[in-house]
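Novice: Supplied structure: query09.cif, mmCIF, C-alpha atoms and all ligand atoms; chains and numbers go by the auth columns.
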data_target
#
loop_
_atom_site.group_PDB
_atom_site.id
_atom_site.type_symbol
_atom_site.label_atom_id
_atom_site.label_comp_id
_atom_site.label_asym_id
_atom_site.label_seq_id
_atom_site.Cartn_x
_atom_site.Cartn_y
_atom_site.Cartn_z
_atom_site.B_iso_or_equiv
_atom_site.auth_seq_id
_atom_site.auth_asym_id
ATOM 1 C CA ASN A 1 28.558 -11.900 12.379 0.00 47 A
ATOM 2 C CA PHE A 2 28.715 -14.334 15.284 0.00 48 A
ATOM 3 C CA ILE A 3 28.214 -11.754 18.045 0.00 49 A
ATOM 4 C CA LEU A 4 25.161 -10.158 16.422 0.00 50 A
ATOM 5 C CA SER A 5 23.504 -13.455 15.503 0.00 51 A
ATOM 6 C CA ASP A 6 23.945 -14.585 19.095 0.00 52 A
ATOM 7 C CA ASN A 7 22.142 -11.534 20.466 0.00 53 A
ATOM 8 C CA ARG A 8 18.413 -12.314 20.982 0.00 54 A
ATOM 9 C CA ASP A 9 17.488 -8.941 22.496 0.00 55 A
ATOM 10 C CA LEU A 10 14.320 -8.650 20.345 0.00 56 A
ATOM 11 C CA ASN A 11 12.864 -11.884 21.742 0.00 57 A
ATOM 12 C CA GLY A 12 9.132 -11.441 22.338 0.00 58 A
ATOM 13 C CA LEU A 13 8.839 -8.402 20.035 0.00 59 A
ATOM 14 C CA SER A 14 6.561 -8.421 17.020 0.00 60 A
ATOM 15 C CA VAL A 15 7.812 -6.155 14.240 0.00 61 A
ATOM 16 C CA MET A 16 6.242 -5.152 10.933 0.00 62 A
ATOM 17 C CA VAL A 17 8.664 -3.905 8.273 0.00 63 A
ATOM 18 C CA THR A 18 7.741 -2.450 4.876 0.00 64 A
ATOM 19 C CA ALA A 19 10.229 -2.405 2.022 0.00 65 A
ATOM 20 C CA GLY A 20 10.731 -1.640 -1.630 0.00 66 A
ATOM 21 C CA PRO A 21 8.778 0.603 -3.968 0.00 67 A
ATOM 22 C CA THR A 22 5.115 0.454 -4.837 0.00 68 A
ATOM 23 C CA THR A 23 4.042 0.317 -8.479 0.00 69 A
ATOM 24 C CA GLU A 24 0.982 2.198 -9.728 0.00 70 A
ATOM 25 C CA PRO A 25 -0.397 0.898 -13.031 0.00 71 A
ATOM 26 C CA ILE A 26 -1.002 3.199 -15.999 0.00 72 A
ATOM 27 C CA ASP A 27 -2.217 0.389 -18.276 0.00 73 A
ATOM 28 C CA PRO A 28 -1.674 -3.411 -18.400 0.00 74 A
ATOM 29 C CA VAL A 29 1.997 -3.012 -19.421 0.00 75 A
ATOM 30 C CA ARG A 30 3.133 0.210 -17.681 0.00 76 A
ATOM 31 C CA TYR A 31 3.395 1.729 -14.228 0.00 77 A
ATOM 32 C CA ILE A 32 4.917 4.628 -12.309 0.00 78 A
ATOM 33 C CA THR A 33 7.138 3.889 -9.351 0.00 79 A
ATOM 34 C CA ASN A 34 9.871 5.199 -7.032 0.00 80 A
ATOM 35 C CA ARG A 35 13.562 4.324 -7.079 0.00 81 A
ATOM 36 C CA SER A 36 14.008 1.732 -4.336 0.00 82 A
ATOM 37 C CA SER A 37 15.919 -1.543 -4.268 0.00 83 A
ATOM 38 C CA GLY A 38 14.309 -2.744 -1.022 0.00 84 A
ATOM 39 C CA LYS A 39 17.780 -3.526 0.400 0.00 85 A
ATOM 40 C CA MET A 40 17.365 -1.350 3.504 0.00 86 A
ATOM 41 C CA GLY A 41 14.023 -2.838 4.548 0.00 87 A
ATOM 42 C CA TYR A 42 15.169 -6.387 3.858 0.00 88 A
ATOM 43 C CA ALA A 43 18.280 -5.763 5.985 0.00 89 A
ATOM 44 C CA VAL A 44 16.073 -4.489 8.847 0.00 90 A
ATOM 45 C CA ALA A 45 13.747 -7.507 8.582 0.00 91 A
ATOM 46 C CA ASP A 46 16.690 -9.921 8.434 0.00 92 A
ATOM 47 C CA ALA A 47 18.480 -8.334 11.409 0.00 93 A
ATOM 48 C CA ALA A 48 15.276 -8.170 13.497 0.00 94 A
ATOM 49 C CA ALA A 49 14.544 -11.854 12.908 0.00 95 A
ATOM 50 C CA ARG A 50 18.137 -12.809 13.777 0.00 96 A
ATOM 51 C CA ARG A 51 17.787 -10.847 17.035 0.00 97 A
ATOM 52 C CA GLY A 52 14.704 -12.865 17.962 0.00 98 A
ATOM 53 C CA ALA A 53 11.731 -10.736 16.825 0.00 99 A
ATOM 54 C CA ARG A 54 8.686 -12.163 15.091 0.00 100 A
ATOM 55 C CA VAL A 55 8.861 -10.297 11.761 0.00 101 A
ATOM 56 C CA VAL A 56 6.299 -9.685 9.033 0.00 102 A
ATOM 57 C CA LEU A 57 7.715 -7.982 5.928 0.00 103 A
ATOM 58 C CA ILE A 58 5.278 -6.180 3.624 0.00 104 A
ATOM 59 C CA SER A 59 7.220 -5.947 0.386 0.00 105 A
ATOM 60 C CA GLY A 60 6.723 -4.096 -2.858 0.00 106 A
ATOM 61 C CA PRO A 61 8.212 -5.593 -6.038 0.00 107 A
ATOM 62 C CA VAL A 62 11.969 -6.135 -5.512 0.00 108 A
ATOM 63 C CA ALA A 63 14.657 -8.516 -6.778 0.00 109 A
ATOM 64 C CA LEU A 64 15.734 -9.845 -3.361 0.00 110 A
ATOM 65 C CA ASN A 65 15.455 -13.199 -1.606 0.00 111 A
ATOM 66 C CA PRO A 66 13.128 -13.328 1.423 0.00 112 A
ATOM 67 C CA PRO A 67 15.177 -13.216 4.656 0.00 113 A
ATOM 68 C CA PRO A 68 15.139 -16.514 6.600 0.00 114 A
ATOM 69 C CA GLY A 69 12.540 -16.785 9.334 0.00 115 A
ATOM 70 C CA VAL A 70 10.518 -13.790 8.101 0.00 116 A
ATOM 71 C CA GLU A 71 6.882 -13.904 6.950 0.00 117 A
ATOM 72 C CA VAL A 72 6.743 -12.036 3.620 0.00 118 A
ATOM 73 C CA ILE A 73 3.558 -10.490 2.189 0.00 119 A
ATOM 74 C CA ASN A 74 4.022 -9.318 -1.411 0.00 120 A
ATOM 75 C CA VAL A 75 2.096 -6.274 -2.637 0.00 121 A
ATOM 76 C CA GLU A 76 2.282 -4.003 -5.674 0.00 122 A
ATOM 77 C CA THR A 77 0.315 -0.798 -5.185 0.00 123 A
ATOM 78 C CA ALA A 78 0.239 1.683 -2.301 0.00 124 A
ATOM 79 C CA ASN A 79 -3.389 0.764 -1.685 0.00 125 A
ATOM 80 C CA GLU A 80 -2.460 -2.922 -1.393 0.00 126 A
ATOM 81 C CA MET A 81 0.352 -2.017 1.010 0.00 127 A
ATOM 82 C CA TYR A 82 -2.082 0.141 3.011 0.00 128 A
ATOM 83 C CA SER A 83 -4.512 -2.801 3.405 0.00 129 A
ATOM 84 C CA ALA A 84 -1.770 -5.302 4.278 0.00 130 A
ATOM 85 C CA VAL A 85 -0.368 -2.940 6.928 0.00 131 A
ATOM 86 C CA MET A 86 -3.741 -2.007 8.437 0.00 132 A
ATOM 87 C CA ASP A 87 -4.807 -5.688 8.642 0.00 133 A
ATOM 88 C CA ARG A 88 -1.807 -6.460 10.865 0.00 134 A
ATOM 89 C CA PHE A 89 -1.212 -3.230 12.821 0.00 135 A
ATOM 90 C CA SER A 90 -3.076 -4.294 15.962 0.00 136 A
ATOM 91 C CA MET A 91 -1.001 -7.499 16.144 0.00 137 A
ATOM 92 C CA VAL A 92 2.462 -5.861 16.217 0.00 138 A
ATOM 93 C CA ASP A 93 4.270 -3.654 18.723 0.00 139 A
ATOM 94 C CA SER A 94 6.601 -1.920 16.279 0.00 140 A
ATOM 95 C CA VAL A 95 6.469 -0.727 12.663 0.00 141 A
ATOM 96 C CA ILE A 96 9.523 0.169 10.582 0.00 142 A
ATOM 97 C CA MET A 97 8.266 1.823 7.426 0.00 143 A
ATOM 98 C CA SER A 98 11.153 1.754 4.953 0.00 144 A
ATOM 99 C CA ALA A 99 9.025 1.362 1.817 0.00 145 A
ATOM 100 C CA ALA A 100 9.242 4.054 -0.858 0.00 146 A
ATOM 101 C CA VAL A 101 5.492 4.461 -1.257 0.00 147 A
ATOM 102 C CA ALA A 102 4.412 6.230 -4.454 0.00 148 A
ATOM 103 C CA ASP A 103 2.824 9.530 -3.423 0.00 149 A
ATOM 104 C CA TYR A 104 0.551 9.564 -6.475 0.00 150 A
ATOM 105 C CA LYS A 105 -1.138 7.024 -8.706 0.00 151 A
ATOM 106 C CA PRO A 106 -2.799 7.376 -12.129 0.00 152 A
ATOM 107 C CA LYS A 107 -6.371 8.493 -11.570 0.00 153 A
ATOM 108 C CA ILE A 108 -7.490 6.044 -14.233 0.00 154 A
ATOM 109 C CA THR A 109 -5.803 2.771 -15.155 0.00 155 A
ATOM 110 C CA ALA A 110 -6.476 1.997 -18.823 0.00 156 A
ATOM 111 C CA ASN A 111 -7.952 -1.466 -19.441 0.00 157 A
ATOM 112 C CA GLN A 112 -6.027 -1.797 -22.713 0.00 158 A
ATOM 113 C CA LYS A 113 -2.478 -0.831 -23.636 0.00 159 A
ATOM 114 C CA ILE A 114 -2.362 2.884 -24.485 0.00 160 A
ATOM 115 C CA LYS A 115 -1.410 3.316 -28.184 0.00 161 A
ATOM 116 C CA LYS A 116 0.943 6.104 -29.321 0.00 162 A
ATOM 117 C CA HIS A 117 -1.546 8.133 -31.336 0.00 163 A
ATOM 118 C CA GLU A 118 -0.890 11.673 -30.093 0.00 164 A
ATOM 119 C CA SER A 119 2.384 13.633 -29.909 0.00 165 A
ATOM 120 C CA THR A 120 1.814 14.400 -26.221 0.00 166 A
ATOM 121 C CA LEU A 121 0.142 12.319 -23.523 0.00 167 A
ATOM 122 C CA THR A 122 -1.149 13.585 -20.196 0.00 168 A
ATOM 123 C CA ILE A 123 -1.670 11.201 -17.301 0.00 169 A
ATOM 124 C CA GLU A 124 -3.656 12.630 -14.420 0.00 170 A
ATOM 125 C CA LEU A 125 -2.442 11.543 -10.982 0.00 171 A
ATOM 126 C CA GLU A 126 -4.203 11.470 -7.634 0.00 172 A
ATOM 127 C CA LYS A 127 -2.778 11.141 -4.134 0.00 173 A
ATOM 128 C CA ASN A 128 -2.273 7.758 -2.515 0.00 174 A
ATOM 129 C CA PRO A 129 -3.131 7.289 1.174 0.00 175 A
ATOM 130 C CA ASP A 130 -0.286 8.143 3.576 0.00 176 A
ATOM 131 C CA ILE A 131 0.117 4.819 5.361 0.00 177 A
ATOM 132 C CA LEU A 132 2.493 6.037 8.067 0.00 178 A
ATOM 133 C CA ALA A 133 0.463 9.169 8.846 0.00 179 A
ATOM 134 C CA GLN A 134 -2.592 6.953 9.312 0.00 180 A
ATOM 135 C CA LEU A 135 -0.646 4.650 11.667 0.00 181 A
ATOM 136 C CA GLY A 136 0.424 7.762 13.591 0.00 182 A
ATOM 137 C CA LYS A 137 -3.250 8.582 14.194 0.00 183 A
ATOM 138 C CA MET A 138 -4.107 5.013 15.233 0.00 184 A
ATOM 139 C CA LYS A 139 -1.074 4.143 17.350 0.00 185 A
ATOM 140 C CA GLU A 140 -1.518 3.092 20.971 0.00 186 A
ATOM 141 C CA ARG A 141 1.432 1.207 22.417 0.00 187 A
ATOM 142 C CA GLN A 142 3.282 0.750 19.089 0.00 188 A
ATOM 143 C CA VAL A 143 6.650 2.244 18.233 0.00 189 A
ATOM 144 C CA LEU A 144 6.564 3.891 14.785 0.00 190 A
ATOM 145 C CA ILE A 145 9.744 4.393 12.790 0.00 191 A
ATOM 146 C CA GLY A 146 9.783 6.131 9.402 0.00 192 A
ATOM 147 C CA PHE A 147 12.390 6.722 6.710 0.00 193 A
ATOM 148 C CA ALA A 148 12.950 9.806 4.607 0.00 194 A
ATOM 149 C CA ALA A 149 15.180 10.336 1.599 0.00 195 A
ATOM 150 C CA GLU A 150 15.826 14.052 1.201 0.00 196 A
ATOM 151 C CA THR A 151 17.804 16.159 -1.276 0.00 197 A
ATOM 152 C CA GLU A 152 17.807 19.399 0.794 0.00 198 A
ATOM 153 C CA GLU A 153 17.038 20.690 4.330 0.00 199 A
ATOM 154 C CA LEU A 154 17.505 17.198 5.785 0.00 200 A
ATOM 155 C CA VAL A 155 16.948 17.905 9.482 0.00 201 A
ATOM 156 C CA ASN A 156 14.186 20.493 8.986 0.00 202 A
ATOM 157 C CA ASN A 157 12.200 18.237 6.694 0.00 203 A
ATOM 158 C CA ALA A 158 12.782 15.306 9.026 0.00 204 A
ATOM 159 C CA MET A 159 11.478 17.143 12.117 0.00 205 A
ATOM 160 C CA ILE A 160 8.360 18.206 10.218 0.00 206 A
ATOM 161 C CA LYS A 161 7.674 14.574 9.269 0.00 207 A
ATOM 162 C CA VAL A 162 8.284 13.299 12.827 0.00 208 A
ATOM 163 C CA GLU A 163 5.623 15.687 14.100 0.00 209 A
ATOM 164 C CA ARG A 164 3.150 15.360 11.222 0.00 210 A
ATOM 165 C CA LYS A 165 3.180 11.541 11.332 0.00 211 A
ATOM 166 C CA ASN A 166 3.466 11.168 15.139 0.00 212 A
ATOM 167 C CA LEU A 167 6.671 9.104 14.850 0.00 213 A
ATOM 168 C CA ASP A 168 8.979 7.799 17.563 0.00 214 A
ATOM 169 C CA MET A 169 11.982 8.027 15.225 0.00 215 A
ATOM 170 C CA LEU A 170 12.796 8.958 11.635 0.00 216 A
ATOM 171 C CA VAL A 171 15.793 7.661 9.711 0.00 217 A
ATOM 172 C CA ALA A 172 16.762 10.564 7.438 0.00 218 A
ATOM 173 C CA ASN A 173 19.061 9.922 4.518 0.00 219 A
ATOM 174 C CA ASP A 174 20.678 12.674 2.410 0.00 220 A
ATOM 175 C CA VAL A 175 20.646 10.989 -0.985 0.00 221 A
ATOM 176 C CA THR A 176 22.873 13.667 -2.544 0.00 222 A
ATOM 177 C CA LEU A 177 25.912 12.527 -0.472 0.00 223 A
ATOM 178 C CA PRO A 178 28.297 10.057 -2.147 0.00 224 A
ATOM 179 C CA GLY A 179 27.647 6.585 -0.741 0.00 225 A
ATOM 180 C CA ALA A 180 24.109 7.408 0.343 0.00 226 A
ATOM 181 C CA GLY A 181 22.189 7.360 -2.913 0.00 227 A
ATOM 182 C CA PHE A 182 19.865 4.818 -4.436 0.00 228 A
ATOM 183 C CA GLY A 183 21.016 1.300 -5.202 0.00 229 A
ATOM 184 C CA THR A 184 24.193 1.714 -3.092 0.00 230 A
ATOM 185 C CA ASP A 185 25.026 -0.773 -0.367 0.00 231 A
ATOM 186 C CA THR A 186 25.727 1.996 2.158 0.00 232 A
ATOM 187 C CA ASN A 187 23.781 4.801 3.872 0.00 233 A
ATOM 188 C CA ILE A 188 24.696 8.008 5.692 0.00 234 A
ATOM 189 C CA ALA A 189 21.778 8.481 8.051 0.00 235 A
ATOM 190 C CA LYS A 190 20.641 10.775 10.816 0.00 236 A
ATOM 191 C CA LEU A 191 18.252 9.380 13.427 0.00 237 A
ATOM 192 C CA VAL A 192 15.773 12.112 14.342 0.00 238 A
ATOM 193 C CA PHE A 193 13.593 11.929 17.492 0.00 239 A
ATOM 194 C CA PRO A 194 10.528 13.948 18.571 0.00 240 A
ATOM 195 C CA SER A 195 12.539 15.413 21.484 0.00 241 A
ATOM 196 C CA GLY A 196 14.821 17.070 18.932 0.00 242 A
ATOM 197 C CA ARG A 197 17.645 14.642 19.666 0.00 243 A
ATOM 198 C CA ILE A 198 19.633 13.820 16.524 0.00 244 A
ATOM 199 C CA VAL A 199 22.118 10.983 16.114 0.00 245 A
ATOM 200 C CA SER A 200 24.421 11.497 13.102 0.00 246 A
ATOM 201 C CA LEU A 201 25.754 8.158 11.947 0.00 247 A
ATOM 202 C CA PRO A 202 28.813 7.728 9.717 0.00 248 A
ATOM 203 C CA LYS A 203 28.670 5.964 6.362 0.00 249 A
ATOM 204 C CA MET A 204 27.947 2.287 6.964 0.00 250 A
ATOM 205 C CA ASP A 205 26.510 -0.746 5.195 0.00 251 A
ATOM 206 C CA LYS A 206 22.768 -1.308 5.368 0.00 252 A
ATOM 207 C CA LEU A 207 22.963 -4.265 7.756 0.00 253 A
ATOM 208 C CA SER A 208 24.969 -2.161 10.254 0.00 254 A
ATOM 209 C CA LEU A 209 22.457 0.676 9.931 0.00 255 A
ATOM 210 C CA ALA A 210 19.641 -1.843 10.437 0.00 256 A
ATOM 211 C CA ASN A 211 21.254 -2.959 13.695 0.00 257 A
ATOM 212 C CA HIS A 212 21.685 0.679 14.878 0.00 258 A
ATOM 213 C CA ILE A 213 17.982 1.263 14.189 0.00 259 A
ATOM 214 C CA LEU A 214 17.073 -1.899 16.127 0.00 260 A
ATOM 215 C CA ASP A 215 19.285 -0.811 19.063 0.00 261 A
ATOM 216 C CA GLU A 216 17.172 2.370 19.252 0.00 262 A
ATOM 217 C CA LEU A 217 13.984 0.308 18.890 0.00 263 A
ATOM 218 C CA VAL A 218 14.934 -1.697 21.997 0.00 264 A
ATOM 219 C CA ILE A 219 15.252 1.580 23.960 0.00 265 A
ATOM 220 C CA LEU A 220 12.014 3.036 22.528 0.00 266 A
ATOM 221 C CA ARG A 221 10.112 -0.166 23.418 0.00 267 A
ATOM 222 C CA LYS A 222 11.398 -0.015 27.008 0.00 268 A
ATOM 223 C CA GLY A 223 10.022 3.542 27.189 0.00 269 A
ATOM 224 C CA LYS A 224 6.510 2.227 26.401 0.00 270 A
ATOM 225 C CA GLU A 225 6.431 -0.511 29.052 0.00 271 A
HETATM 226 N N1 LIG B . 4.936 6.991 3.590 0.00 1 B
HETATM 227 C C1 LIG B . 3.766 6.266 3.712 0.00 1 B
HETATM 228 N N2 LIG B . 2.757 6.444 2.803 0.00 1 B
HETATM 229 C C2 LIG B . 2.885 7.330 1.791 0.00 1 B
HETATM 230 C C3 LIG B . 4.069 8.073 1.660 0.00 1 B
HETATM 231 C C4 LIG B . 5.092 7.889 2.587 0.00 1 B
HETATM 232 O O1 LIG B . 3.645 5.473 4.632 0.00 1 B
HETATM 233 N N3 LIG B . 1.870 7.473 0.930 0.00 1 B
HETATM 234 C C5 LIG B . 6.009 6.792 4.587 0.00 1 B
HETATM 235 C C6 LIG B . 7.315 6.281 3.997 0.00 1 B
HETATM 236 O O2 LIG B . 7.346 4.868 3.972 0.00 1 B
HETATM 237 C C7 LIG B . 8.354 6.855 4.956 0.00 1 B
HETATM 238 C C8 LIG B . 7.719 8.141 5.462 0.00 1 B
HETATM 239 O O3 LIG B . 6.311 8.036 5.182 0.00 1 B
HETATM 240 O O4 LIG B . 8.579 6.012 6.064 0.00 1 B
HETATM 241 C C9 LIG B . 8.261 9.387 4.844 0.00 1 B
HETATM 242 O O5 LIG B . 8.138 9.295 3.444 0.00 1 B
HETATM 243 P P1 LIG B . 8.483 10.539 2.558 0.00 1 B
HETATM 244 O O6 LIG B . 8.251 10.208 1.109 0.00 1 B
HETATM 245 O O7 LIG B . 9.841 11.047 2.972 0.00 1 B
HETATM 246 O O8 LIG B . 7.420 11.619 3.089 0.00 1 B
HETATM 247 P P2 LIG B . 6.110 12.221 2.448 0.00 1 B
HETATM 248 O O9 LIG B . 5.165 12.410 3.595 0.00 1 B
HETATM 249 O O10 LIG B . 5.608 11.397 1.311 0.00 1 B
HETATM 250 O O11 LIG B . 6.580 13.647 1.964 0.00 1 B
HETATM 251 P P3 LIG B . 7.378 14.129 0.640 0.00 1 B
HETATM 252 O O12 LIG B . 7.513 12.932 -0.290 0.00 1 B
HETATM 253 O O13 LIG B . 6.536 15.231 0.088 0.00 1 B
HETATM 254 O O14 LIG B . 8.727 14.604 1.140 0.00 1 B
HETATM 255 CA CA CA B . 6.829 10.788 -0.527 0.00 2 B
#
Can the structure from this file be put into structure tokens for me?
Specialist:
Amino acid sequence: NFILSDNRDLNGLSVMVTAGPTTEPIDPVRYITNRSSGKMGYAVADAAARRGARVVLISGPVALNPPPGVEVINVETANEMYSAVMDRFSMVDSVIMSAAVADYKPKITANQKIKKHESTLTIELEKNPDILAQLGKMKERQVLIGFAAETEELVNNAMIKVERKNLDMLVANDVTLPGAGFGTDTNIAKLVFPSGRIVSLPKMDKLSLANHILDELVILRKGKE
């Protein structure tokens, strides 16, 4: 789009984007993960770079090409993503956390492939760190934007997360709506703010949603200057 690519309104901004799932190994050949294509985060990183931001993309395992002009850091586990994000947090002014971080990981990763001896197998899980909640505790001048995929009580759950994680905005997606689910090229999102303001967006492709999110980021950044 000629008009969008000509708009350099993020010049001078330094944005960290996370994208994709994390994978949490069970043994050398297996892992648990979340459903996430990474398309939304890659669209945000691509659009931000086109609009002039310096962009670092912390990416879980996805089957997507790196967007042009974006520094990509590849990670696998939630703990690796946590370290990559924390290492760079003080150097950015905005974080857009679109990754589908696994909430739990196997408590023990087997050194050898688990053989199918027993008729049932129990894998004990333990909680991963909440990266965004930690950023919410550390944030000074940064704008923090989170994502949430919900199947019920969209706005209620979103407001709780905005407060709990000290966010400036949450992009809430009802994944039960047609055209909003996983692996689709479209989203139906609500932008939820700590003031209680809610912007309900119509169904749109992920690049358009990325640009709506970045329009709000421009306004949120101005509010911090
Ligand atoms: N998130 C994170 N670290 C985690 C889990 C989530 O940084 N360990 C981030 C996600 O990237 C997203 C936001 O927090 O931007 C909300 O994620 P979500 O899964 O909706 O919230 P949770 O706090 O994990 O709550 P629940 O899954 O129980 O709804
Ligand atoms: Ca979660």
Novice: Compare A:Ser60, A:Thr68, A:Asn203, A:Asn125 by their minimum atom-to-atom distance to Val138 in chain A, counting all atoms listed in the file, and give me the closest one.
Specialist: A:Ser60
Novice: With distances taken over only C-alpha atoms and all ligand atoms, which residue among A:Asn233, A:Ser105, A:Ser129, A:Thr64 lies nearest ligand LIG 1 (chain B)?
Specialist: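 Looking only at the distances to ligand LIG 1 (chain B), the closest residue turns out to be A:Thr64.
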Novice: Take every atom of ligand LIG 1 (chain B) listed in the file, pad by 6 Å on each side, and give me the axis-aligned box centre and edge lengths in Å, one decimal, as AutoDock Vina command-line options.
Specialist:
--center_x 5.9 --center_y 10.0 --center_z 2.9 --size_x 20.0 --size_y 22.4 --size_z 18.4
Novice: Rank A:Val217, A:Leu178, A:Ile169, A:Val208 by their smallest atom-to-atom distance to Ala256 in chain A, using all atoms listed in the file, and report the top residue only.
Specialist: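 Checking each of A:Val217, A:Leu178, A:Ile169, A:Val208 against Ala256 in chain A, counting all atoms listed in the file, the winner is A:Val217.
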Novice: Any residue with an atom at most 9 Å from ligand CA 2 (chain B) counts, using all atoms listed in the file. Which are they? Put them as a PyMOL selection string.
Specialist: chain A and resi 146-150+176+194-195
Novice: Mind pulling up the distance from CA of Phe193 in chain A to CA of Ala235 in chain A?
Specialist: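 Result for CA of Ala235 in chain A versus CA of Phe193 in chain A: 9.6 Å, one decimal.
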Novice: Please determine, counting only C-alpha atoms and all ligand atoms, which residue among A:Gly182, A:Gly227, A:Pro175, A:Gly84 has the shortest atom-to-atom distance to ligand LIG 1 (chain B).
Specialist: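 The shortest atom-to-atom distance to ligand LIG 1 (chain B) comes from A:Pro175.
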Novice: Here is a test: counting all atoms listed in the file, which residue of A:Leu260, A:Val245, A:Leu266, A:Met215 is nearest to Asp92 in chain A?
Specialist: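 Under the stated criterion, the closest residue is A:Leu260.
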Novice: Counting only C-alpha atoms, which of A:Ala65, A:Leu171, A:Met132, A:Pro152 gets nearest to Tyr77 in chain A?
Specialist: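 With only C-alpha atoms as the atom set, the closest residue is A:Pro152.
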Novice: Any idea what the distance is between CA of Ala91 in chain A and CA of Ala179 in chain A?
Specialist: 21.3 Å
Novice: Can you tell me how far CA of Val63 in chain A sits from CA of Glu126 in chain A, in Å to one decimal?
Specialist: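 Distance between the two atoms: 14.8 Å.
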Novice: To test your reading of the syntax: which residues would the PyMOL selection byres (((chain A and resi 72) around 8) and not hetatm) return for the file shown? Reply as a ChimeraX atom specification.
Specialist: /A:70-71,73-78,152,154-156
Novice: Any chance you could export the current selection's C-alpha atoms as a PDB file, keeping the file's coordinate frame?
Specialist:
ATOM      1  CA  GLU A  70       0.982   2.198  -9.728  1.00  0.00           C
ATOM      2  CA  PRO A  71      -0.397   0.898 -13.031  1.00  0.00           C
ATOM      3  CA  ASP A  73      -2.217   0.389 -18.276  1.00  0.00           C
ATOM      4  CA  PRO A  74      -1.674  -3.411 -18.400  1.00  0.00           C
ATOM      5  CA  VAL A  75       1.997  -3.012 -19.421  1.00  0.00           C
ATOM      6  CA  ARG A  76       3.133   0.210 -17.681  1.00  0.00           C
ATOM      7  CA  TYR A  77       3.395   1.729 -14.228  1.00  0.00           C
ATOM      8  CA  ILE A  78       4.917   4.628 -12.309  1.00  0.00           C
ATOM      9  CA  PRO A 152      -2.799   7.376 -12.129  1.00  0.00           C
ATOM     10  CA  ILE A 154      -7.490   6.044 -14.233  1.00  0.00           C
ATOM     11  CA  THR A 155      -5.803   2.771 -15.155  1.00  0.00           C
ATOM     12  CA  ALA A 156      -6.476   1.997 -18.823  1.00  0.00           C
TER      13      ALA A 156
END
Novice: Could you list, as a list in words, every residue matched by the PyMOL selection byres (((chain A and resi 214) around 10) and not hetatm) in this structure?
Specialist: Gly182, Gln188, Val189, Leu190, Ile191, Gly192, Val208, Glu209, Lys211, Asn212, Leu213, Met215, Leu216, Val238, Phe239, Pro240, Ser241, Glu262, Leu263, Leu266 and Arg267 of chain A
Novice: Can you list, as a list of chain:residue names, every protein, DNA or RNA residue that comes within 9 Å of Leu253 in chain A when you count only C-alpha atoms, leaving out same-chain residues fewer than 4 positions away?
Specialist: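 In the requested form, the answer reads A:Met86, A:Tyr88, A:Ala89, A:Val90, A:Asp92, A:Ala93, A:Thr232, A:Asn257, A:His258.
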Novice: Residues within 10 Å of Glu186 in chain A, please, as a count of residues only. Count all atoms listed in the file; anything in the same chain fewer than 3 positions from it doesn't count.
Specialist: 7
Novice: Written as number ranges by chain, which residues does the PyMOL selection byres (((chain A and resi 230) around 10) and not hetatm) give for the file shown?
Specialist: A: 83, 85-86, 224-229, 231-233, 251-252
Novice: Within 9 Å of (5.8, -1.0, 2.5) in the file's own coordinates, which protein, DNA or RNA residues have an atom, counting all atoms listed in the file? List them as an NGL selection string.
Specialist: :A and (63-68 or 87 or 103-106 or 121 or 124 or 127-128 or 130-131 or 142-147 or 177)
